[in-house]
Amino acid sequence: MSTISRQTHSFTPGAGDRIELLLIDDDPSDVLMVEKMLAESGLDVGIAVAGDLATARRTLTRRTQCILVDLSTAGIDRLEGLRQVLALSGAAAVVVLTGLDDAHLGVQAVAAGAEDYLVKQEVDAPLLARAVRYAIERKRSEETERRLVEARILGRENARLERGLLPVPLIDDPSLRHHTRYRPGRRRALLGGDFYDTVQTEGGAVHLMIGDVAGHGPDEAALGVQLRMAWRTLVLAGHTGEQLLGTLDTVLGHERRSEEIFTTLCMITIAPSRRTARMHLAGHPAPLLFREPPTPGFPGAGGFEVAALPEYAHGPALGLVPGAEWPTTEIDLGESWSLLLYTDGLIEGRVGEGSERLGTDGLVGLARAARGGGVAGRSLIDELVGEVERLNGGALTDDLAVLLLSRQS
């Protein structure tokens, strides 16, 4: 007949936390012996007793920390019975406490997953108490290690996936230099709601794009990837300008999870001559243009013009206004130039201790100082991000994407 009983043995406060223990044993005298040893050991133990496996299955709870099982209990067929106990144990440690003095069986039991194998005739109170405590700690350690391994595997899989979703620029022009910086605002993430891409199409035109999905979570990151891939597909299919933006607006409307989600975007098409470009802004900050040599009307530093492109001809962010229009801005690039596209994570940091934001004008000032000091290429991006963080008094919390395309004549 199956039995269930509970007893509590207390000891001096501070000796340790209470241990919830399940004893599977159908011999009343042995149950009494185990209870007596645990009481003598000083452990603070709550004991539930089950006389068979079925009763043990019903008695086991999420609070159970250790299971003591006698492999000679009725219905438990030694090693196979132990495997059944291990299968139902969950996070609880399993210690074999049996009258079977069989060294080979003990090795098999531990190999199968038991934390320890004890022979009743050889156990006293201190040994049993130590075995229970050590078994619980080993189980906790094993569980922690298992979760860490799973987390590492999952993290590596996610990293490979997210790295695969970041774009590889399609450029076939040795006169162009392409640099990017990407950093999501979410901790332990490789992908945020910001996105960018660069594609050179047949005929020589080079298309740049950078965008920012409102929000910072994984849904926004996934939507950013969808929009970037849609943009690349449309560009390679020959779509440009306002028509392309209208199609992206439709894609966003179908793919977003909420009507409140919108996306800002900047798109630039550089002519095959590399001297002119066309820009479309959809609620996005205006890029910076670096030109050499200086041209009248542009403030210079170190022989380079540095200014934000005009943003008077812009349209609304995608997803806000049905049937919106996005006018074109013509840009004169000159012979040697750099275009710096970025998301608002770069300009929304605070300046000093006040509430003032850096803004586009502040970024222009930092860019002039950096470029005037001879900083260029990837180092220019790193210098700007570092200086923005210094002014902010710490790391930026928003997603950040920066794209720098340069041409030297």
# chains A, B, ... in the order shown; residues from 1 in each chain; ligands from 1
>>> select_by_dssp(residues="region 72-181 of chain A", states="strand (DSSP E)", output="list in words")
Ala93, Val94, Val95, Val96, Leu97, Thr98, Asp116, Tyr117, Leu118, Val119, Leu176, Arg177, His178, His179, Thr180 and Arg181 of chain A
>>> write_last_selection(atoms="all heavy atoms", output="short mmCIF file (atom, residue, chain, number, x, y, z; two decimals), in the first residue's frame")
data_model
loop_
_atom_site.label_atom_id
_atom_site.label_comp_id
_atom_site.auth_asym_id
_atom_site.auth_seq_id
_atom_site.Cartn_x
_atom_site.Cartn_y
_atom_site.Cartn_z
N ALA A 93 17.41 17.07 -7.13
CA ALA A 93 18.52 16.11 -7.15
C ALA A 93 17.99 14.74 -6.77
O ALA A 93 17.03 14.61 -6.00
CB ALA A 93 19.59 16.56 -6.17
N VAL A 94 18.63 13.70 -7.29
CA VAL A 94 18.22 12.32 -6.99
C VAL A 94 19.41 11.59 -6.36
O VAL A 94 20.49 11.52 -6.94
CB VAL A 94 17.76 11.59 -8.26
CG1 VAL A 94 17.45 10.12 -7.94
CG2 VAL A 94 16.53 12.27 -8.86
N VAL A 95 19.17 11.03 -5.16
CA VAL A 95 20.18 10.25 -4.45
C VAL A 95 19.61 8.86 -4.20
O VAL A 95 18.51 8.72 -3.65
CB VAL A 95 20.57 10.91 -3.10
CG1 VAL A 95 21.50 10.00 -2.32
CG2 VAL A 95 21.21 12.26 -3.35
N VAL A 96 20.35 7.86 -4.61
CA VAL A 96 19.93 6.49 -4.33
C VAL A 96 20.35 6.15 -2.90
O VAL A 96 21.52 6.28 -2.54
CB VAL A 96 20.59 5.50 -5.32
CG1 VAL A 96 20.23 4.06 -4.93
CG2 VAL A 96 20.14 5.80 -6.74
N LEU A 97 19.37 5.71 -2.10
CA LEU A 97 19.62 5.26 -0.72
C LEU A 97 18.98 3.89 -0.60
O LEU A 97 17.77 3.76 -0.46
CB LEU A 97 19.02 6.23 0.29
CG LEU A 97 19.19 5.85 1.77
CD1 LEU A 97 20.66 5.78 2.15
CD2 LEU A 97 18.45 6.82 2.67
N THR A 98 19.77 2.86 -0.72
CA THR A 98 19.22 1.52 -0.89
C THR A 98 19.95 0.51 -0.02
O THR A 98 21.06 0.77 0.46
CB THR A 98 19.33 1.11 -2.38
OG1 THR A 98 18.74 -0.17 -2.58
CG2 THR A 98 20.78 1.07 -2.83
N ASP A 116 24.21 10.61 -6.29
CA ASP A 116 25.02 9.80 -5.37
C ASP A 116 24.35 8.44 -5.21
O ASP A 116 23.16 8.26 -5.53
CB ASP A 116 25.14 10.49 -4.02
CG ASP A 116 26.43 10.11 -3.28
OD1 ASP A 116 27.04 9.09 -3.64
OD2 ASP A 116 26.83 10.87 -2.36
N TYR A 117 25.12 7.46 -4.68
CA TYR A 117 24.62 6.11 -4.42
C TYR A 117 25.08 5.74 -3.02
O TYR A 117 26.28 5.59 -2.76
CB TYR A 117 25.18 5.12 -5.44
CG TYR A 117 24.62 3.73 -5.33
CD1 TYR A 117 23.52 3.35 -6.08
CD2 TYR A 117 25.20 2.78 -4.48
CE1 TYR A 117 23.00 2.05 -6.00
CE2 TYR A 117 24.71 1.49 -4.38
CZ TYR A 117 23.59 1.14 -5.15
OH TYR A 117 23.08 -0.14 -5.06
N LEU A 118 24.12 5.60 -2.10
CA LEU A 118 24.41 5.30 -0.70
C LEU A 118 23.79 3.96 -0.32
O LEU A 118 22.66 3.64 -0.71
CB LEU A 118 23.84 6.39 0.21
CG LEU A 118 24.29 7.84 -0.08
CD1 LEU A 118 23.56 8.80 0.85
CD2 LEU A 118 25.80 7.98 0.07
N VAL A 119 24.54 3.22 0.47
CA VAL A 119 24.05 1.93 1.00
C VAL A 119 23.61 2.15 2.44
O VAL A 119 24.36 2.69 3.26
CB VAL A 119 25.15 0.85 0.94
CG1 VAL A 119 24.64 -0.47 1.51
CG2 VAL A 119 25.63 0.67 -0.51
N LEU A 176 35.11 54.68 -54.72
CA LEU A 176 34.22 54.88 -53.57
C LEU A 176 34.72 54.10 -52.36
O LEU A 176 35.19 52.97 -52.48
CB LEU A 176 32.80 54.45 -53.91
CG LEU A 176 32.10 55.22 -55.04
CD1 LEU A 176 30.71 54.64 -55.30
CD2 LEU A 176 32.00 56.71 -54.72
N ARG A 177 34.60 54.73 -51.19
CA ARG A 177 34.93 54.09 -49.91
C ARG A 177 33.67 54.06 -49.05
O ARG A 177 33.04 55.09 -48.85
CB ARG A 177 36.04 54.85 -49.19
CG ARG A 177 37.37 54.87 -49.95
CD ARG A 177 37.97 53.47 -50.00
NE ARG A 177 39.26 53.48 -50.71
CZ ARG A 177 39.37 53.23 -52.00
NH1 ARG A 177 38.29 52.96 -52.72
NH2 ARG A 177 40.55 53.25 -52.58
N HIS A 178 33.35 52.89 -48.55
CA HIS A 178 32.09 52.68 -47.83
C HIS A 178 32.38 52.25 -46.40
O HIS A 178 33.11 51.27 -46.17
CB HIS A 178 31.27 51.60 -48.55
CG HIS A 178 29.90 51.39 -48.01
ND1 HIS A 178 29.62 50.55 -46.95
CD2 HIS A 178 28.70 51.91 -48.39
CE1 HIS A 178 28.32 50.55 -46.71
NE2 HIS A 178 27.74 51.37 -47.57
N HIS A 179 31.85 52.98 -45.41
CA HIS A 179 32.05 52.64 -44.00
C HIS A 179 30.71 52.75 -43.27
O HIS A 179 29.90 53.63 -43.58
CB HIS A 179 33.07 53.57 -43.34
CG HIS A 179 34.40 53.58 -44.01
ND1 HIS A 179 35.30 52.55 -43.88
CD2 HIS A 179 34.98 54.49 -44.83
CE1 HIS A 179 36.38 52.82 -44.59
NE2 HIS A 179 36.22 53.99 -45.17
N THR A 180 30.52 51.88 -42.28
CA THR A 180 29.28 51.91 -41.50
C THR A 180 29.58 51.69 -40.03
O THR A 180 30.62 51.16 -39.64
CB THR A 180 28.29 50.82 -41.97
OG1 THR A 180 28.89 49.53 -41.80
CG2 THR A 180 27.87 51.04 -43.41
N ARG A 181 28.64 52.08 -39.22
CA ARG A 181 28.66 51.80 -37.77
C ARG A 181 27.24 51.49 -37.38
O ARG A 181 26.32 52.24 -37.70
CB ARG A 181 29.20 53.01 -37.00
CG ARG A 181 29.20 52.87 -35.48
CD ARG A 181 30.39 52.07 -34.98
NE ARG A 181 30.43 52.04 -33.53
CZ ARG A 181 31.12 52.89 -32.77
NH1 ARG A 181 31.84 53.87 -33.35
NH2 ARG A 181 31.13 52.77 -31.46
#
>>> residues_around(residues="region 19-26 of chain A", least_positions_apart="5", cutoff="9 Å", atoms="only C-alpha atoms", output="JSON, numbers by chain")
{"A": [1, 2, 3, 31, 34, 43, 44, 45, 46, 47, 48, 49, 50, 51, 52, 53, 55, 56, 59, 60, 63, 64, 65, 66, 67, 68, 69, 70, 71, 72, 73, 74, 92, 98, 132, 133]}
>>> closest_residue(among="A:Leu32, A:Leu391, A:Gln408, A:Ile331", to="Arg357 (chain A)", atoms="only C-alpha atoms")
A:Leu391
>>> closest_atom_pairs(of="region 274-363 of chain A", to="region 264-270 of chain A", cutoff="7 Å", atoms="only C-alpha atoms", output="Markdown table")
| residue | atom | partner | partner_atom | distance |
| --- | --- | --- | --- | --- |
| A:Arg274 | CA | A:Ile270 | CA | 6.0 |
| A:Thr276 | CA | A:Ile270 | CA | 6.2 |
| A:Ala277 | CA | A:Ile270 | CA | 4.2 |
| A:Arg278 | CA | A:Thr269 | CA | 5.2 |
| A:Met279 | CA | A:Ile268 | CA | 4.4 |
| A:His280 | CA | A:Met267 | CA | 5.2 |
| A:Leu281 | CA | A:Cys266 | CA | 4.7 |
| A:Ala282 | CA | A:Leu265 | CA | 5.0 |
| A:Gly283 | CA | A:Thr264 | CA | 5.1 |
| A:His284 | CA | A:Thr264 | CA | 5.0 |
| A:Ala317 | CA | A:Thr264 | CA | 4.7 |
| A:Leu318 | CA | A:Thr264 | CA | 6.2 |
>>> write_last_selection(atoms="C-alpha atoms", output="short mmCIF file (atom, residue, chain, number, x, y, z; two decimals), in the first residue's frame")
data_model
loop_
_atom_site.label_atom_id
_atom_site.label_comp_id
_atom_site.auth_asym_id
_atom_site.auth_seq_id
_atom_site.Cartn_x
_atom_site.Cartn_y
_atom_site.Cartn_z
CA ARG A 274 29.60 60.85 -59.17
CA THR A 276 25.50 65.00 -58.61
CA ALA A 277 22.84 63.20 -56.57
CA ARG A 278 19.14 63.21 -55.83
CA MET A 279 17.82 63.00 -52.27
CA HIS A 280 14.44 62.08 -50.77
CA LEU A 281 13.69 62.63 -47.09
CA ALA A 282 10.76 60.94 -45.35
CA GLY A 283 10.76 62.57 -41.92
CA HIS A 284 14.46 61.76 -41.48
CA ALA A 317 7.65 59.58 -42.38
CA LEU A 318 6.38 56.36 -43.94
#
>>> residues_around(residues="Tyr196 (chain A)", least_positions_apart="3", cutoff="9 Å", atoms="only C-alpha atoms", output="compact mmCIF listing (two decimals) with C-alpha atoms, in the first residue's frame")
# COMPACT_ATOMS: atom_id res chain seq x y z
CA LEU A 166 22.90 43.05 -41.82
CA PRO A 167 23.53 44.21 -45.40
CA LEU A 208 22.10 54.84 -50.43
CA MET A 209 19.38 54.41 -47.86
CA ILE A 210 19.10 54.68 -44.09
CA GLY A 211 15.94 54.31 -42.00
CA ASP A 212 14.60 54.12 -38.49
CA GLY A 224 13.49 47.14 -40.35
CA ARG A 228 15.57 47.07 -46.13
CA ALA A 401 23.27 53.59 -37.52
CA VAL A 402 25.80 55.62 -39.52
CA LEU A 403 26.73 55.23 -43.18
>>> residues_around(residues="Gly193 (chain A)", least_positions_apart="4", cutoff="7 Å", atoms="only C-alpha atoms", output="PyMOL selection string")
chain A and resi 212-213+215-216+220-221+224+399
>>> atom_distance(atom1="CA of Leu346 (chain A)", atom2="CA of Gly377 (chain A)")
17.0 Å
>>> select_by_dssp(residues="region 104-280 of chain A", states="helix (DSSP H, G or I)", output="PyMOL selection string")
chain A and resi 104-112+120-122+125-165+218-236+241-255
>>> atom_distance(atom1="CA of Glu383 (chain A)", atom2="CA of Glu311 (chain A)")
25.0 Å
>>> closest_residue(among="A:Ser273, A:Arg371, A:Pro316, A:His207", to="His239 (chain A)", atoms="only C-alpha atoms")
A:His207
>>> atom_distance(atom1="CA of Pro272 (chain A)", atom2="CA of Thr329 (chain A)")
17.2 Å
>>> closest_residue(among="A:Arg407, A:Arg140, A:Arg368, A:Arg78", to="Pro174 (chain A)", atoms="only C-alpha atoms")
A:Arg407
>>> closest_residue(among="A:Ala324, A:Val364, A:Gly90, A:Phe290", to="Ala376 (chain A)", atoms="only C-alpha atoms")
A:Phe290
